[in-house]
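Pasting run_11.csv here (CSV, C-alpha atoms):
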chain,number,residue,atom,x,y,z
A,1,MET,CA,8.2,8.1,-38.4
A,2,LYS,CA,7.5,6.2,-35.2
A,3,ILE,CA,5.6,6.6,-32.0
A,4,LYS,CA,7.7,8.1,-29.2
A,5,ASP,CA,9.1,5.6,-26.7
A,6,GLY,CA,7.7,5.6,-23.2
A,7,PHE,CA,4.2,4.2,-23.6
A,8,ILE,CA,3.0,0.8,-22.3
A,9,LYS,CA,0.3,-0.6,-24.5
A,10,THR,CA,-1.8,-3.1,-22.7
A,11,GLU,CA,-5.3,-4.6,-22.5
A,12,ILE,CA,-7.2,-4.0,-19.3
A,13,ALA,CA,-10.8,-4.9,-18.8
A,14,ASP,CA,-11.3,-5.5,-22.6
A,15,LYS,CA,-10.0,-2.0,-23.4
A,16,ILE,CA,-6.7,-1.4,-25.3
A,17,VAL,CA,-4.9,1.5,-23.7
A,18,ALA,CA,-1.4,3.0,-23.9
A,19,ILE,CA,-0.2,4.5,-20.7
A,20,PRO,CA,2.7,7.0,-20.6
A,21,VAL,CA,5.7,6.1,-18.4
A,22,GLY,CA,8.9,7.8,-17.5
A,23,ALA,CA,9.6,11.2,-19.1
A,24,ASN,CA,6.4,11.1,-21.1
A,25,THR,CA,4.5,11.7,-17.8
A,26,VAL,CA,5.9,15.2,-17.7
A,27,ASP,CA,3.9,16.4,-20.7
A,28,PHE,CA,1.0,13.9,-20.7
A,29,SER,CA,-0.8,12.5,-17.7
A,30,GLY,CA,-3.7,10.8,-19.5
A,31,VAL,CA,-4.3,7.4,-21.0
A,32,VAL,CA,-4.5,6.7,-24.8
A,33,VAL,CA,-7.5,4.6,-25.7
A,34,LEU,CA,-7.0,2.6,-28.9
A,35,ASN,CA,-9.6,0.8,-31.0
A,36,GLU,CA,-8.6,-2.3,-32.9
A,37,THR,CA,-7.3,-0.5,-36.0
A,38,ALA,CA,-5.5,2.2,-33.9
A,39,ALA,CA,-3.9,-0.6,-31.8
A,40,PHE,CA,-2.7,-2.3,-35.1
A,41,LEU,CA,-1.2,0.9,-36.3
A,42,TRP,CA,0.3,1.7,-32.9
A,43,ASP,CA,2.1,-1.7,-33.0
A,44,LEU,CA,3.4,-1.0,-36.5
A,45,MET,CA,4.7,2.4,-35.5
A,46,GLN,CA,6.9,1.1,-32.6
A,47,THR,CA,9.7,1.0,-35.2
A,48,ASP,CA,10.4,3.6,-37.9
A,49,THR,CA,7.9,3.3,-40.8
A,50,ASP,CA,6.1,5.5,-43.4
A,51,LYS,CA,2.5,6.1,-44.6
A,52,GLN,CA,2.8,3.8,-47.6
A,53,ALA,CA,3.9,0.9,-45.4
A,54,LEU,CA,1.1,1.5,-43.0
A,55,LEU,CA,-1.4,1.6,-45.9
A,56,LYS,CA,-0.1,-1.7,-47.3
A,57,ALA,CA,-0.3,-3.3,-43.9
A,58,VAL,CA,-3.9,-2.1,-43.3
A,59,LEU,CA,-5.1,-3.2,-46.7
A,60,SER,CA,-3.6,-6.7,-46.1
A,61,GLU,CA,-5.1,-7.0,-42.6
A,62,TYR,CA,-8.6,-5.5,-43.1
A,63,GLU,CA,-11.2,-5.8,-45.7
A,64,THR,CA,-11.3,-2.1,-46.7
A,65,ASP,CA,-10.7,0.1,-49.7
A,66,GLU,CA,-7.6,2.2,-50.2
A,67,GLU,CA,-9.5,5.5,-49.8
A,68,SER,CA,-11.1,4.6,-46.4
A,69,ALA,CA,-7.8,3.1,-45.2
A,70,LEU,CA,-5.9,6.2,-46.1
A,71,SER,CA,-8.4,8.4,-44.4
A,72,ASP,CA,-8.2,6.4,-41.2
A,73,ILE,CA,-4.4,6.5,-41.2
A,74,ASP,CA,-4.4,10.2,-41.8
A,75,ALA,CA,-6.8,10.8,-39.0
A,76,PHE,CA,-4.7,8.6,-36.7
A,77,LEU,CA,-1.5,10.3,-37.6
A,78,GLN,CA,-3.0,13.7,-37.1
A,79,ASN,CA,-4.2,12.7,-33.7
A,80,LEU,CA,-0.7,11.6,-32.8
A,81,ARG,CA,0.8,14.8,-34.1
A,82,ASP,CA,-1.7,16.9,-32.2
A,83,LYS,CA,-0.7,15.1,-29.0
A,84,ASP,CA,3.0,15.2,-29.8
A,85,PHE,CA,3.3,11.5,-29.7
A,86,LEU,CA,5.1,11.2,-33.1
A,87,CYS,CA,8.8,11.2,-33.9
A,88,GLU,CA,9.1,12.3,-37.6
B,89,MET,CA,21.2,2.0,11.4
B,90,ARG,CA,17.9,0.4,12.3
B,91,THR,CA,15.8,-2.2,10.6
B,92,ILE,CA,12.1,-1.5,10.0
B,93,CYS,CA,9.6,-3.9,8.4
B,94,VAL,CA,7.1,-2.1,6.1
B,95,ALA,CA,4.6,-4.1,4.1
B,96,GLY,CA,6.8,-7.2,4.6
B,97,LEU,CA,10.0,-5.4,3.3
B,98,TYR,CA,12.9,-5.4,5.7
B,99,ILE,CA,14.6,-2.0,5.4
B,100,ASN,CA,17.9,-1.1,7.0
B,101,ILE,CA,17.7,2.6,7.4
B,102,LYS,CA,20.1,5.3,8.7
B,103,SER,CA,18.3,8.6,9.2
B,104,ALA,CA,19.8,12.0,9.4
B,105,ASP,CA,17.2,13.3,11.8
B,106,GLU,CA,17.3,10.5,14.3
B,107,ALA,CA,15.0,12.1,16.8
B,108,PHE,CA,12.2,12.6,14.3
B,109,PHE,CA,12.5,9.2,12.6
B,110,SER,CA,12.9,7.1,15.8
B,111,SER,CA,9.4,8.3,16.6
B,112,ARG,CA,8.0,7.9,13.1
B,113,PHE,CA,9.5,4.4,12.7
B,114,LYS,CA,8.9,3.1,16.2
B,115,ASP,CA,5.9,0.9,15.4
B,116,TYR,CA,7.8,-0.6,12.4
B,117,GLU,CA,11.1,-1.4,14.1
B,118,CYS,CA,12.2,-5.0,14.2
B,119,GLU,CA,15.3,-7.0,14.9
B,120,PHE,CA,18.3,-5.9,12.9
B,121,SER,CA,18.4,-7.7,9.5
B,122,GLN,CA,21.7,-9.0,8.0
B,123,ASN,CA,19.9,-9.5,4.7
B,124,PRO,CA,17.5,-6.6,4.1
B,125,ASP,CA,15.3,-6.0,1.1
B,126,MET,CA,16.5,-2.4,1.0
B,127,THR,CA,19.1,-0.2,2.6
B,128,MET,CA,18.6,3.5,2.8
B,129,LYS,CA,20.8,6.2,4.3
B,130,THR,CA,20.3,9.9,4.5
B,131,GLU,CA,22.9,12.5,5.1
B,132,VAL,CA,22.5,16.3,5.6
B,133,LEU,CA,25.5,18.1,4.3
B,134,ASN,CA,26.7,21.6,3.8
B,135,HIS,CA,27.8,20.9,0.2
B,136,ILE,CA,26.8,18.3,-2.3
B,137,THR,CA,29.0,17.4,-5.3
B,138,ALA,CA,27.6,15.6,-8.4
B,139,PRO,CA,29.6,12.5,-9.5
B,140,GLU,CA,30.8,12.0,-13.1
B,141,GLY,CA,28.2,10.1,-15.2
B,142,GLU,CA,26.3,9.9,-18.4
B,143,ILE,CA,23.3,12.3,-18.5
B,144,CYS,CA,20.1,10.3,-19.0
B,145,PHE,CA,17.7,13.2,-18.5
B,146,GLN,CA,18.0,16.9,-17.9
B,147,GLN,CA,15.2,19.3,-17.6
B,148,ASN,CA,15.0,22.6,-15.8
B,149,ARG,CA,17.0,22.1,-12.5
B,150,VAL,CA,16.8,18.3,-12.5
B,151,CYS,CA,19.4,16.0,-13.8
B,152,LEU,CA,19.6,12.2,-13.9
B,153,LEU,CA,22.9,10.5,-14.4
B,154,LYS,CA,23.9,6.9,-15.0
B,155,LEU,CA,27.2,6.3,-13.1
B,156,PRO,CA,30.0,4.1,-14.2
B,157,ASN,CA,29.2,1.6,-11.4
B,158,GLY,CA,25.7,1.1,-12.9
B,159,ARG,CA,23.9,3.2,-10.2
B,160,PHE,CA,21.8,6.2,-11.0
B,161,CYS,CA,22.1,9.6,-9.5
B,162,ARG,CA,19.4,12.3,-9.6
B,163,TYR,CA,19.9,15.8,-8.3
B,164,LEU,CA,18.1,19.1,-8.1
B,165,LYS,CA,19.9,22.5,-8.3
B,166,CYS,CA,18.8,25.7,-6.7
B,167,THR,CA,17.7,28.3,-9.3
B,168,LYS,CA,19.3,31.1,-7.4
B,169,THR,CA,22.7,29.7,-6.3
B,170,ASN,CA,23.0,26.8,-8.7
B,171,GLU,CA,24.0,24.6,-5.7
B,172,ILE,CA,22.8,21.0,-5.6
B,173,VAL,CA,20.1,21.0,-2.9
B,174,PHE,CA,19.4,17.3,-2.9
B,175,MET,CA,20.9,14.2,-4.6
B,176,ILE,CA,19.7,10.6,-4.6
B,177,THR,CA,22.1,7.8,-5.6
B,178,TYR,CA,20.5,4.4,-6.1
B,179,THR,CA,20.9,1.0,-7.6
B,180,ALA,CA,18.5,0.3,-10.6
B,181,ASP,CA,16.3,-1.8,-8.3
B,182,TYR,CA,16.3,0.7,-5.4
B,183,SER,CA,17.7,-1.9,-3.1
B,184,ASN,CA,20.4,0.5,-2.0
B,185,VAL,CA,19.7,4.2,-1.7
B,186,LEU,CA,21.7,7.2,-0.5
B,187,ILE,CA,19.9,10.5,0.0
B,188,GLU,CA,22.0,13.6,0.4
B,189,ILE,CA,20.3,16.9,1.4
B,190,LEU,CA,21.8,20.3,1.7
B,191,ASP,CA,21.5,21.6,5.3
B,192,THR,CA,20.2,25.0,4.1
B,193,LEU,CA,17.5,23.5,1.9
B,194,CYS,CA,14.2,25.3,2.4
B,195,ILE,CA,11.5,25.2,-0.2
B,196,ASP,CA,8.0,26.5,0.6
B,197,GLY,CA,8.9,26.3,4.3
B,198,LEU,CA,10.0,22.7,4.1
B,199,GLY,CA,13.4,21.9,5.5
B,200,PRO,CA,15.8,18.9,5.4
B,201,THR,CA,13.8,16.7,7.7
B,202,ASN,CA,10.6,17.2,5.6
B,203,TYR,CA,12.6,16.2,2.5
B,204,GLU,CA,14.2,13.2,4.2
B,205,TYR,CA,10.7,12.1,5.1
B,206,MET,CA,9.4,12.6,1.5
B,207,TYR,CA,12.3,11.0,-0.3
B,208,THR,CA,12.6,8.0,1.9
B,209,GLY,CA,8.9,7.5,1.2
B,210,PHE,CA,9.3,7.8,-2.5
B,211,MET,CA,12.3,5.4,-2.6
B,212,PHE,CA,10.4,2.9,-0.5
B,213,ALA,CA,7.5,3.2,-3.0
B,214,ASN,CA,9.9,2.5,-5.9
B,215,ARG,CA,11.5,-0.5,-4.2
B,216,LEU,CA,8.1,-2.0,-3.4
B,217,THR,CA,7.0,-1.4,-7.0
B,218,VAL,CA,10.1,-3.2,-8.3
B,219,LEU,CA,9.3,-6.1,-6.0
B,220,GLY,CA,5.7,-6.4,-7.3
B,221,GLY,CA,3.7,-4.3,-4.8
B,222,THR,CA,2.8,-0.6,-4.9
B,223,VAL,CA,2.0,2.5,-2.9
B,224,LEU,CA,-1.3,4.2,-3.6
B,225,HIS,CA,-1.7,7.9,-2.9
B,226,GLY,CA,-4.8,7.9,-0.6
B,227,SER,CA,-6.2,7.8,2.9
B,228,SER,CA,-6.9,4.3,4.0
B,229,ILE,CA,-9.1,2.9,6.7
B,230,ALA,CA,-10.2,-0.5,7.8
B,231,LEU,CA,-13.8,-1.2,8.8
B,232,ASP,CA,-14.3,-4.4,10.7
B,233,GLY,CA,-10.9,-5.6,9.3
B,234,GLU,CA,-11.5,-4.8,5.7
B,235,GLY,CA,-9.4,-2.1,4.1
B,236,ILE,CA,-10.6,0.7,1.8
B,237,VAL,CA,-8.3,3.3,0.1
B,238,PHE,CA,-9.9,6.7,-0.7
B,239,SER,CA,-7.7,8.2,-3.4
B,240,ALA,CA,-7.7,11.6,-5.0
B,241,ASN,CA,-5.4,14.5,-5.8
B,242,SER,CA,-4.0,16.3,-2.8
B,243,GLY,CA,-6.4,18.8,-1.2
B,244,THR,CA,-9.6,17.0,-2.4
B,245,GLY,CA,-10.6,15.8,1.1
B,246,LYS,CA,-9.5,12.2,1.4
B,247,SER,CA,-8.4,12.6,5.0
B,248,THR,CA,-11.5,14.6,5.8
B,249,HIS,CA,-13.6,11.7,4.5
B,250,THR,CA,-11.8,9.0,6.5
B,251,ASN,CA,-12.0,11.1,9.6
B,252,LEU,CA,-15.7,11.2,9.1
B,253,TRP,CA,-15.7,7.4,8.9
B,254,ARG,CA,-13.8,7.3,12.2
B,255,GLN,CA,-16.3,9.6,13.8
B,256,HIS,CA,-19.2,7.6,12.5
B,257,PHE,CA,-18.0,4.1,13.2
B,258,GLY,CA,-15.9,4.7,16.3
B,259,GLU,CA,-13.7,1.7,17.2
B,260,ARG,CA,-15.0,-0.4,14.2
B,261,ALA,CA,-12.9,1.9,12.0
B,262,GLU,CA,-9.1,1.8,12.2
B,263,ILE,CA,-6.8,4.1,10.2
B,264,ILE,CA,-4.3,2.2,8.1
B,265,ASN,CA,-2.4,5.2,6.6
B,266,ASP,CA,-3.5,8.7,5.9
B,267,ASP,CA,-1.6,9.3,2.7
B,268,LYS,CA,0.5,6.4,1.3
B,269,PRO,CA,-0.7,2.9,2.1
B,270,ALA,CA,1.1,0.0,0.5
B,271,ILE,CA,-0.8,-2.6,-1.5
B,272,LYS,CA,0.4,-6.1,-2.3
B,273,ILE,CA,-1.2,-9.0,-4.1
B,274,GLU,CA,-0.6,-12.2,-2.3
B,275,LYS,CA,-2.0,-15.6,-3.5
B,276,GLY,CA,-4.5,-13.8,-5.7
B,277,LYS,CA,-5.8,-11.4,-3.1
B,278,ALA,CA,-5.0,-7.8,-2.5
B,279,PHE,CA,-3.9,-6.5,0.9
B,280,VAL,CA,-3.4,-3.0,2.1
B,281,TYR,CA,-0.6,-2.3,4.6
B,282,GLY,CA,0.2,0.6,6.8
B,283,THR,CA,3.4,2.5,6.2
B,284,PRO,CA,5.2,5.1,8.3
B,285,TRP,CA,4.9,7.6,5.4
B,286,SER,CA,1.5,9.2,6.0
B,287,GLY,CA,1.8,12.7,4.6
B,288,LYS,CA,1.2,15.7,6.8
B,289,THR,CA,-0.2,13.7,9.6
B,290,SER,CA,1.3,10.8,11.7
B,291,LEU,CA,-1.9,8.8,11.2
B,292,ASN,CA,-0.7,5.3,10.3
B,293,ASN,CA,-0.7,1.9,11.9
B,294,ASN,CA,1.6,-1.1,11.2
B,295,VAL,CA,-1.3,-3.3,10.1
B,296,LYS,CA,-2.4,-5.4,7.2
B,297,HIS,CA,-6.0,-5.9,6.0
B,298,PRO,CA,-7.6,-7.4,2.9
B,299,LEU,CA,-8.4,-4.7,0.4
B,300,LYS,CA,-12.1,-4.3,0.1
B,301,ALA,CA,-12.1,-1.5,-2.5
B,302,VAL,CA,-10.4,1.5,-4.0
B,303,VAL,CA,-12.5,4.6,-4.1
B,304,PHE,CA,-11.7,7.7,-6.1
B,305,LEU,CA,-13.2,10.7,-4.3
B,306,SER,CA,-14.2,14.0,-5.7
B,307,ARG,CA,-16.1,16.9,-4.1
B,308,GLY,CA,-19.8,17.3,-4.8
B,309,GLU,CA,-23.0,18.9,-3.5
B,310,GLN,CA,-24.7,15.6,-3.3
B,311,ASN,CA,-23.4,12.3,-2.1
B,312,LYS,CA,-23.3,9.5,-4.7
B,313,ILE,CA,-21.3,6.5,-5.4
B,314,LYS,CA,-21.0,4.3,-8.5
B,315,THR,CA,-18.7,1.7,-10.0
B,316,MET,CA,-16.0,3.5,-11.9
B,317,ASP,CA,-15.7,2.5,-15.5
B,318,ALA,CA,-12.6,0.7,-16.5
B,319,LEU,CA,-11.0,3.5,-18.5
B,320,ASN,CA,-11.5,6.1,-15.7
B,321,ALA,CA,-10.2,3.6,-13.2
B,322,VAL,CA,-7.1,2.9,-15.2
B,323,LEU,CA,-6.6,6.7,-15.7
B,324,ASN,CA,-7.0,7.5,-12.0
B,325,LEU,CA,-4.9,4.6,-10.8
B,326,SER,CA,-2.1,5.5,-13.2
B,327,ARG,CA,-2.1,9.0,-11.8
B,328,GLN,CA,-2.1,8.0,-8.1
B,329,LEU,CA,0.4,5.1,-8.3
B,330,PRO,CA,4.2,5.4,-8.7
B,331,ASN,CA,5.1,6.5,-12.2
B,332,PRO,CA,8.1,8.8,-11.8
B,333,PHE,CA,9.4,10.8,-14.8
B,334,TYR,CA,12.9,9.5,-14.1
B,335,ASP,CA,12.3,5.8,-14.3
B,336,SER,CA,10.0,4.3,-16.9
B,337,GLU,CA,10.6,0.8,-15.4
B,338,ILE,CA,8.6,1.8,-12.4
B,339,GLY,CA,5.8,3.1,-14.6
B,340,THR,CA,5.9,-0.3,-16.5
B,341,LYS,CA,5.6,-2.2,-13.2
B,342,THR,CA,2.7,0.1,-12.2
B,343,VAL,CA,0.8,-0.8,-15.4
B,344,ASP,CA,1.4,-4.5,-14.6
B,345,PHE,CA,0.0,-3.9,-11.1
B,346,ILE,CA,-3.1,-2.1,-12.4
B,347,LYS,CA,-3.7,-5.1,-14.7
B,348,LYS,CA,-3.4,-7.5,-11.8
B,349,LEU,CA,-5.8,-5.5,-9.7
B,350,TYR,CA,-8.3,-5.9,-12.5
B,351,GLU,CA,-7.6,-9.5,-13.0
B,352,ILE,CA,-8.5,-10.2,-9.3
B,353,ASN,CA,-11.7,-8.1,-9.7
B,354,THR,CA,-10.8,-5.4,-7.2
B,355,PRO,CA,-13.8,-3.1,-6.9
B,356,VAL,CA,-13.1,0.5,-7.9
B,357,TYR,CA,-15.7,3.2,-7.1
B,358,ASP,CA,-16.3,6.8,-8.1
B,359,LEU,CA,-17.5,8.7,-5.0
B,360,GLU,CA,-18.8,12.3,-5.2
B,361,CYS,CA,-19.3,13.6,-1.7
B,362,ASN,CA,-19.6,16.6,0.6
B,363,ILE,CA,-18.5,16.8,4.2
B,364,SER,CA,-21.3,15.2,6.2
B,365,ASP,CA,-22.3,12.0,8.0
B,366,ASN,CA,-24.5,11.2,5.0
B,367,ALA,CA,-21.4,11.1,2.9
B,368,VAL,CA,-20.1,8.2,5.1
B,369,GLU,CA,-23.5,6.4,4.9
B,370,VAL,CA,-23.6,6.7,1.1
B,371,SER,CA,-20.1,5.5,0.6
B,372,TYR,CA,-20.5,2.7,3.2
B,373,ASN,CA,-23.8,1.5,1.6
B,374,GLY,CA,-22.1,1.6,-1.8
B,375,ILE,CA,-19.0,-0.3,-0.8
B,376,PHE,CA,-20.5,-2.8,1.6
B,377,LYS,CA,-24.1,-3.2,0.5
B,378,GLY,CA,-23.8,-2.6,-3.2
B,379,GLU,CA,-26.2,0.4,-3.1
B,380,LEU,CA,-24.8,2.1,-6.2
B,381,LEU,CA,-26.0,4.6,-8.7
Could you express the structure from this file as structure tokens?
Amino acid sequence: MKIKDGFIKTEIADKIVAIPVGANTVDFSGVVVLNETAAFLWDLMQTDTDKQALLKAVLSEYETDEESALSDIDAFLQNLRDKDFLCE
Amino acid sequence: MRTICVAGLYINIKSADEAFFSSRFKDYECEFSQNPDMTMKTEVLNHITAPEGEICFQQNRVCLLKLPNGRFCRYLKCTKTNEIVFMITYTADYSNVLIEILDTLCIDGLGPTNYEYMYTGFMFANRLTVLGGTVLHGSSIALDGEGIVFSANSGTGKSTHTNLWRQHFGERAEIINDDKPAIKIEKGKAFVYGTPWSGKTSLNNNVKHPLKAVVFLSRGEQNKIKTMDALNAVLNLSRQLPNPFYDSEIGTKTVDFIKKLYEINTPVYDLECNISDNAVEVSYNGIFKGELL
């Protein structure tokens, strides 16, 4: 799975945002606000990956336990699915 | 073919409706350029044929093709007749644009000249974006030589508000453009320019002023102005700057431009207002005197 193409992730005024460009603007005219962990996952998901790889990356990057990391990843993925930002 | 200079861009332009555009472009005409930044030509035809090319995007009646010569071609078909009603063929950097419009085109009462006006404006906006500037959807006015762009969705009351400024301040207020002013950042400072594309009105002047502020306007019972928080500013700017569905490169450039506007600390305000002289006083006091909520 990966995040759909057509978002520009950038930092503006200390906020990390992903702005839709091109064909993505047809279905979504908002701005995606990312916290630090979401931005980390967003970057990993620019290329095809899976939940296990995301979990491994989060555990090696952040001081967190597996249960919390998995819960955060699931919530993030569900959010992406709800907004139709995910290619699976 | 005439040369017009808009926001510092030299454009060689051949219009289909010469009478209409010679009047619209009059204040922007300059000496013919042998080396323009952009060339645009419009033709009104009784039949339009799509070229062969690779389909990049197709949705409803719109199709975007990449042609073997590297150019792009976007066309719209009529739902009833399946005829192509307009087609735009352009280089990837919009330096060369051909607009073809069907002579019978009439959508919501708008005919070929209206579409020629709109599409030349969109293509100019794309070219300027490629070159590092932008066009902001808004009504722009200068007060004592400082430019303000009031932006909002169509029908909110941008022009009504700038008209109130003109009534209130008289000769101190000068319209820059009533719908699509250009913005460029030069040597770390933002400037707003008049363009001949000013929406439903012909309210535009070929002028350049330092950009004092961008104000996002909404209707309200009370008049109030505050600094717009960064996220809302980014959201509103991304909606009112060029970000066409058919070209993600333009959207990418627009995101760069928003970043630059922030880096040079361009003030962005959130104005809620009604139609009154007090609305002008409140927005003026906020923008020029820092009297904010």
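Near chain B, the residues of chain A that fall inside 8 Å (using all atoms listed in the file) are Gly6, Ile8, Glu11, Ile12, Ala13, Lys15, Ile19, Pro20, Val21, Gly22, Ala23, Asn24, Thr25, Val26, Ser29, Gly30 and Val31 of chain A.
Pairwise distance (atom CA of B:Ile352, atom CA of A:Glu36) equals 24.9 Å.
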Q | stretch 39-45 of chain A surroundings by only C-alpha atoms, 10 Å radius, close-in-sequence under 6 positions cut, as a PyMOL selection string | A | chain A and resi 1-4+9-10+16-18+33+53-55+57-58+61+73+76-77+80+86-87
Q) Skipping near chain neighbours, those fewer than 3 positions away, what residues fall within 9 Å of stretch 157-173 of chain B using only C-alpha atoms, listed as a list in words? A) His135, Ile136, Thr137, Ala138, Pro139, Gly141, Asn148, Arg149, Val150, Cys151, Leu152, Leu153, Lys154, Ile176, Thr177, Tyr178, Thr179, Ala180, Glu188, Ile189, Leu190, Asp191, Thr192, Leu193 and Tyr334 of chain B
Q) Separation of atom CA of B:Tyr357 and atom CA of B:Ile375, in Å? A)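 Atom-to-atom, atom CA of B:Tyr357 to atom CA of B:Ile375, that is 7.9 Å.
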Q) atom CA of A:Asp74 and atom CA of A:Asp14 are how many Å apart? A)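 Separating atom CA of A:Asp74 from atom CA of A:Asp14 is a distance of 25.7 Å.
Here the question is which of B:Ala95, B:Leu299, B:Cys118, B:Ile236 gets nearest to B:Thr222 using all atoms listed in the file, and that residue is B:Ala95.
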Q: Tell me which of B:Leu252, B:Gln328, B:Gly226, B:Ser239 sits closest to B:Asn265, counting only C-alpha atoms.
A: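 When distances to B:Asn265 are compared using only C-alpha atoms, the smallest one comes from B:Gly226.
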Just write stretch 16-28 of chain A with N, CA and C atoms, as a tab-separated table (two decimals), in the first residue's frame, taken from the block above.
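Written output follows (result36.tsv):
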chain	number	residue	atom	x	y	z
A	16	ILE	N	3.29	21.10	9.37
A	16	ILE	CA	3.54	20.18	8.26
A	16	ILE	C	2.21	19.88	7.60
A	17	VAL	N	2.13	20.18	6.31
A	17	VAL	CA	0.87	19.98	5.58
A	17	VAL	C	1.14	19.24	4.27
A	18	ALA	N	0.10	18.57	3.80
A	18	ALA	CA	0.15	17.96	2.47
A	18	ALA	C	-0.99	18.58	1.67
A	19	ILE	N	-0.62	19.16	0.56
A	19	ILE	CA	-1.60	19.91	-0.25
A	19	ILE	C	-1.85	19.13	-1.54
A	20	PRO	N	-3.12	18.89	-1.86
A	20	PRO	CA	-3.40	18.15	-3.10
A	20	PRO	C	-3.09	18.99	-4.33
A	21	VAL	N	-2.54	18.36	-5.35
A	21	VAL	CA	-2.31	19.05	-6.62
A	21	VAL	C	-2.84	18.17	-7.75
A	22	GLY	N	-3.02	18.78	-8.90
A	22	GLY	CA	-3.46	18.05	-10.08
A	22	GLY	C	-4.81	17.40	-9.88
A	23	ALA	N	-4.95	16.17	-10.39
A	23	ALA	CA	-6.25	15.48	-10.39
A	23	ALA	C	-6.82	15.29	-8.99
A	24	ASN	N	-5.96	15.28	-7.97
A	24	ASN	CA	-6.46	15.12	-6.60
A	24	ASN	C	-7.37	16.26	-6.16
A	25	THR	N	-7.23	17.43	-6.81
A	25	THR	CA	-8.05	18.57	-6.41
A	25	THR	C	-9.51	18.38	-6.81
A	26	VAL	N	-9.77	17.42	-7.71
A	26	VAL	CA	-11.16	17.19	-8.14
A	26	VAL	C	-11.99	16.66	-6.97
A	27	ASP	N	-11.41	15.74	-6.19
A	27	ASP	CA	-12.16	15.12	-5.10
A	27	ASP	C	-11.87	15.71	-3.73
A	28	PHE	N	-10.76	16.42	-3.59
A	28	PHE	CA	-10.39	16.91	-2.27
A	28	PHE	C	-9.82	18.32	-2.39
